[in-house]
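Colleague: Structure in structure tokens, see below.
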Amino acid sequence: MQNFDIINQILAQQDIFYKIVLLIFMLLYSLFALIVYIQISALIKVVNQITFSSIFKVIAFINIVASILIIIYTILTISI
Amino acid sequence: MNDDTTLSGEFIIDKKTSPSLKEEVSAIPTPDATPHSHPNFPGINRHTLRFFSSLCLDPKNVSIINQDSDETVHLLVRRHWVTNLLWILSVFVLSFAPILTPLFLHEFEFIKFSPTTIASGLLLYYLALFGYCILKFAEWYFHVGLVTNKRIVDVDLANILTKNVAETDIKQVEDVSFVQKGIIQSLFNFGNVFIQTEAVVANFEFDRIPFPSQVAEIISQLSQHHKEREVSRAEL
């Protein structure tokens, strides 16, 4: 009977569990976005197409900012 | 007087023995020549290098690593745009995947998402797709071959974390050849260009680039021109 209660409790709180899983993925994604940005910055030093390089760097930076904003949104919407 | 004669004589010798490739080919008039295409290579874009350009002759606004003040980029090559089709198509298909997800979720009724969780999940999903686009574009954009008046630079990007930058003196170019394999490469006119050098270490490969025969010819001409110039300088 106790086991059923635990399962019911978990199912009732499953949304928090999904959000925690999403947060882990978002943190990993932020790390990936940061690595992409660093690599793009490094590669621009090898080949610099002056008219586009800065735009490309900004796009990669927007990717990092967006991932951080999504993390903040997800944390703010967690309701226990 | 004597100095003037020597000076003009030197100028004539220099003009005769070492005209630039641009001067050589510009001298030949062709009816379809426009300022943005090369007279001898009409299909090849000249000067105007855009972010999606696969091939550009004498590109403006490009600088490369360790570039000397008297070094100019004559040729920039990337993979043909067709090589990007696969990932562009996969992104297009994947962007519709969330629409189909509710159909499968009906099978698992015990799974219940709040609207905010769905919103977070969707945002992460589309951001990941956007990140994938950046990644694949960067892999194409920075996988570049460059030919300057001094050297050949080959930037190979296996993935975003693995880059290989190789360069050789243009004088060391021994032989340039190209390979076109299969229907798609023949249809869209792209292939691999191989540059054999005197150096033991590396031979260069520009893979899946557009107009491989013309690119091979341009590299050969540039190398030949440079060697002739070296000989004429040595004779002087």
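Labels used: A, B, ... for chains in the order of the structure tokens, numbers from 1 for residues in each chain, and numbers from 1 for ligands as shown.
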Counting only C-alpha atoms, which residues from chain A have an atom at most 8 Å from any atom of chain B, and could you show them as an MDAnalysis selection string?

Modeller: chainID A and resid 11 14:15 18:19 22 26 29 33 36 39:40 43 45:52 60 63 66:67 70 73:74 77

Colleague: Write the residues of the preceding selection, restricted to N, CA and C atoms, as an mmCIF file, in the first residue's frame.

Modeller:
data_model
loop_
_atom_site.group_PDB
_atom_site.id
_atom_site.type_symbol
_atom_site.label_atom_id
_atom_site.label_comp_id
_atom_site.auth_asym_id
_atom_site.auth_seq_id
_atom_site.Cartn_x
_atom_site.Cartn_y
_atom_site.Cartn_z
ATOM 1 N N LEU A 11 3.934 10.422 -9.480
ATOM 2 C CA LEU A 11 3.123 10.798 -10.644
ATOM 3 C C LEU A 11 2.486 12.179 -10.463
ATOM 4 N N GLN A 14 5.195 14.724 -11.137
ATOM 5 C CA GLN A 14 6.016 14.400 -12.312
ATOM 6 C C GLN A 14 6.459 15.636 -13.097
ATOM 7 N N ASP A 15 5.658 16.700 -13.029
ATOM 8 C CA ASP A 15 6.016 17.907 -13.788
ATOM 9 C C ASP A 15 7.350 18.487 -13.315
ATOM 10 N N TYR A 18 10.130 16.408 -14.769
ATOM 11 C CA TYR A 18 10.402 16.745 -16.176
ATOM 12 C C TYR A 18 11.191 18.044 -16.294
ATOM 13 N N LYS A 19 10.818 19.001 -15.434
ATOM 14 C CA LYS A 19 11.506 20.303 -15.507
ATOM 15 C C LYS A 19 12.966 20.181 -15.077
ATOM 16 N N LEU A 22 14.704 18.709 -17.965
ATOM 17 C CA LEU A 22 14.870 19.771 -18.979
ATOM 18 C C LEU A 22 15.993 20.729 -18.603
ATOM 19 N N MET A 26 19.233 21.746 -20.621
ATOM 20 C CA MET A 26 19.492 23.166 -20.940
ATOM 21 C C MET A 26 20.891 23.591 -20.509
ATOM 22 N N TYR A 29 23.196 22.202 -22.941
ATOM 23 C CA TYR A 29 23.099 22.954 -24.192
ATOM 24 C C TYR A 29 23.840 24.292 -24.075
ATOM 25 N N ALA A 33 26.661 25.688 -26.459
ATOM 26 C CA ALA A 33 26.578 26.995 -27.121
ATOM 27 C C ALA A 33 27.829 27.826 -26.843
ATOM 28 N N VAL A 36 30.673 26.422 -28.946
ATOM 29 C CA VAL A 36 30.500 26.842 -30.347
ATOM 30 C C VAL A 36 30.952 28.291 -30.520
ATOM 31 N N GLN A 39 34.773 28.508 -30.325
ATOM 32 C CA GLN A 39 35.388 27.957 -31.536
ATOM 33 C C GLN A 39 35.209 28.878 -32.740
ATOM 34 N N ILE A 40 34.006 29.467 -32.848
ATOM 35 C CA ILE A 40 33.767 30.402 -33.967
ATOM 36 C C ILE A 40 34.708 31.606 -33.844
ATOM 37 N N LEU A 43 38.109 30.447 -34.943
ATOM 38 C CA LEU A 43 38.199 30.198 -36.389
ATOM 39 C C LEU A 43 38.153 31.486 -37.207
ATOM 40 N N LYS A 45 39.703 34.042 -36.485
ATOM 41 C CA LYS A 45 41.085 34.520 -36.537
ATOM 42 C C LYS A 45 41.871 33.818 -37.654
ATOM 43 N N VAL A 46 41.451 32.614 -38.005
ATOM 44 C CA VAL A 46 42.124 31.880 -39.089
ATOM 45 C C VAL A 46 41.668 32.424 -40.446
ATOM 46 N N VAL A 47 40.362 32.496 -40.629
ATOM 47 C CA VAL A 47 39.807 33.052 -41.873
ATOM 48 C C VAL A 47 38.784 34.109 -41.492
ATOM 49 N N ASN A 48 39.081 35.326 -41.841
ATOM 50 C CA ASN A 48 38.177 36.417 -41.470
ATOM 51 C C ASN A 48 37.549 37.026 -42.717
ATOM 52 N N GLN A 49 36.261 36.732 -42.891
ATOM 53 C CA GLN A 49 35.499 37.346 -43.984
ATOM 54 C C GLN A 49 34.849 38.583 -43.355
ATOM 55 N N ILE A 50 35.494 39.706 -43.538
ATOM 56 C CA ILE A 50 35.209 40.894 -42.722
ATOM 57 C C ILE A 50 33.730 41.277 -42.698
ATOM 58 N N THR A 51 33.060 41.157 -43.825
ATOM 59 C CA THR A 51 31.660 41.598 -43.897
ATOM 60 C C THR A 51 30.710 40.704 -43.105
ATOM 61 N N PHE A 52 31.075 39.453 -42.870
ATOM 62 C CA PHE A 52 30.127 38.532 -42.227
ATOM 63 C C PHE A 52 30.581 38.011 -40.858
ATOM 64 N N ALA A 60 26.080 33.551 -32.838
ATOM 65 C CA ALA A 60 26.521 32.539 -31.863
ATOM 66 C C ALA A 60 26.324 33.031 -30.429
ATOM 67 N N ASN A 63 22.729 32.802 -29.408
ATOM 68 C CA ASN A 63 22.434 31.403 -29.041
ATOM 69 C C ASN A 63 22.701 31.158 -27.549
ATOM 70 N N ALA A 66 20.064 33.174 -25.476
ATOM 71 C CA ALA A 66 18.755 32.512 -25.538
ATOM 72 C C ALA A 66 18.716 31.289 -24.625
ATOM 73 N N SER A 67 19.807 30.510 -24.609
ATOM 74 C CA SER A 67 19.826 29.315 -23.758
ATOM 75 C C SER A 67 19.764 29.700 -22.269
ATOM 76 N N ILE A 70 16.176 30.774 -21.425
ATOM 77 C CA ILE A 70 15.269 29.618 -21.289
ATOM 78 C C ILE A 70 15.476 28.939 -19.929
ATOM 79 N N TYR A 73 13.703 31.071 -17.432
ATOM 80 C CA TYR A 73 12.243 30.884 -17.574
ATOM 81 C C TYR A 73 11.809 29.566 -16.915
ATOM 82 N N THR A 74 12.570 28.514 -17.163
ATOM 83 C CA THR A 74 12.207 27.198 -16.609
ATOM 84 C C THR A 74 12.304 27.198 -15.084
ATOM 85 N N THR A 77 9.373 29.048 -13.537
ATOM 86 C CA THR A 77 8.052 28.385 -13.666
ATOM 87 C C THR A 77 7.944 27.071 -12.880
#

Colleague: Apply DSSP to the structure's backbone, then extract all residues of region 20-164 of chain B labelled strand (DSSP E or B) and return them as a VMD selection string.

Modeller: chain B and resid 37 45 to 46 55 to 57 62 to 64 73 to 78 144 to 148 151 to 159 162 to 164

Colleague: For the residues selected in the previous step, produce a file with N, CA and C atoms as a compact mmCIF listing (two decimals), in the first residue's frame.

Modeller:
# COMPACT_ATOMS: atom_id res chain seq x y z
N SER B 37 32.58 38.64 -62.92
CA SER B 37 33.00 37.30 -63.35
C SER B 37 34.34 37.42 -64.06
N ASN B 45 32.59 33.38 -59.62
CA ASN B 45 32.33 34.67 -59.01
C ASN B 45 33.65 35.39 -58.70
N ARG B 46 33.66 36.68 -58.95
CA ARG B 46 34.89 37.43 -58.71
C ARG B 46 34.61 38.62 -57.79
N LEU B 55 32.80 29.75 -53.89
CA LEU B 55 34.00 29.97 -54.71
C LEU B 55 34.09 31.43 -55.09
N CYS B 56 35.23 32.00 -54.89
CA CYS B 56 35.41 33.41 -55.26
C CYS B 56 36.86 33.65 -55.68
N LEU B 57 36.97 34.33 -56.79
CA LEU B 57 38.29 34.68 -57.32
C LEU B 57 38.62 36.11 -56.88
N VAL B 62 38.79 39.77 -47.22
CA VAL B 62 39.14 38.50 -46.57
C VAL B 62 40.56 38.60 -46.05
N SER B 63 40.73 38.23 -44.80
CA SER B 63 42.08 38.16 -44.27
C SER B 63 42.30 36.79 -43.66
N ILE B 64 43.52 36.31 -43.71
CA ILE B 64 43.81 34.97 -43.19
C ILE B 64 44.92 35.04 -42.15
N VAL B 73 44.86 37.44 -51.30
CA VAL B 73 44.14 36.18 -51.52
C VAL B 73 43.62 36.17 -52.96
N HIS B 74 44.01 35.14 -53.71
CA HIS B 74 43.57 35.04 -55.11
C HIS B 74 42.34 34.16 -55.26
N LEU B 75 42.22 33.19 -54.36
CA LEU B 75 41.13 32.23 -54.54
C LEU B 75 40.65 31.74 -53.18
N LEU B 76 39.33 31.69 -53.04
CA LEU B 76 38.74 31.13 -51.82
C LEU B 76 37.73 30.07 -52.24
N VAL B 77 37.88 28.88 -51.70
CA VAL B 77 36.95 27.80 -52.05
C VAL B 77 36.36 27.15 -50.80
N ARG B 78 35.07 26.82 -50.92
CA ARG B 78 34.40 26.04 -49.89
C ARG B 78 33.68 24.91 -50.59
N VAL B 144 37.63 25.64 -45.43
CA VAL B 144 37.92 26.54 -46.55
C VAL B 144 39.32 26.29 -47.11
N GLY B 145 39.45 26.51 -48.40
CA GLY B 145 40.76 26.45 -49.04
C GLY B 145 41.09 27.82 -49.61
N LEU B 146 42.32 28.25 -49.39
CA LEU B 146 42.70 29.59 -49.85
C LEU B 146 43.99 29.53 -50.64
N VAL B 147 44.03 30.28 -51.72
CA VAL B 147 45.26 30.38 -52.50
C VAL B 147 45.65 31.85 -52.55
N THR B 148 46.81 32.15 -52.05
CA THR B 148 47.29 33.54 -52.08
C THR B 148 48.45 33.61 -53.07
N ARG B 151 51.12 31.41 -50.78
CA ARG B 151 50.93 30.08 -50.21
C ARG B 151 49.53 29.54 -50.46
N ILE B 152 49.39 28.28 -50.12
CA ILE B 152 48.09 27.62 -50.17
C ILE B 152 47.74 27.23 -48.74
N VAL B 153 46.56 27.62 -48.32
CA VAL B 153 46.11 27.32 -46.95
C VAL B 153 44.87 26.43 -47.03
N ASP B 154 44.90 25.34 -46.29
CA ASP B 154 43.77 24.41 -46.28
C ASP B 154 43.28 24.27 -44.84
N VAL B 155 42.08 24.74 -44.59
CA VAL B 155 41.48 24.62 -43.25
C VAL B 155 40.45 23.50 -43.30
N ASP B 156 40.74 22.43 -42.59
CA ASP B 156 39.82 21.28 -42.54
C ASP B 156 39.15 21.24 -41.18
N LEU B 157 37.84 21.12 -41.22
CA LEU B 157 37.07 21.06 -39.98
C LEU B 157 36.28 19.75 -39.97
N ALA B 158 36.76 18.78 -39.22
CA ALA B 158 36.03 17.51 -39.13
C ALA B 158 34.76 17.72 -38.33
N ASN B 159 34.87 18.44 -37.24
CA ASN B 159 33.72 18.92 -36.47
C ASN B 159 34.16 20.21 -35.79
N THR B 162 37.43 19.86 -33.87
CA THR B 162 38.63 19.34 -34.53
C THR B 162 38.93 20.14 -35.78
N LYS B 163 39.97 20.95 -35.70
CA LYS B 163 40.37 21.71 -36.88
C LYS B 163 41.83 21.42 -37.24
N ASN B 164 42.07 21.44 -38.53
CA ASN B 164 43.40 21.16 -39.03
C ASN B 164 43.76 22.24 -40.06

Colleague: In terms of the shortest atom-to-atom distance over only C-alpha atoms, which of A:Ile62, A:Ile6, A:Leu69, A:Ile78 is closest to Leu34 (chain A)?

Modeller: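 Once distances to Leu34 (chain A) are computed over only C-alpha atoms, the minimum belongs to A:Ile62.
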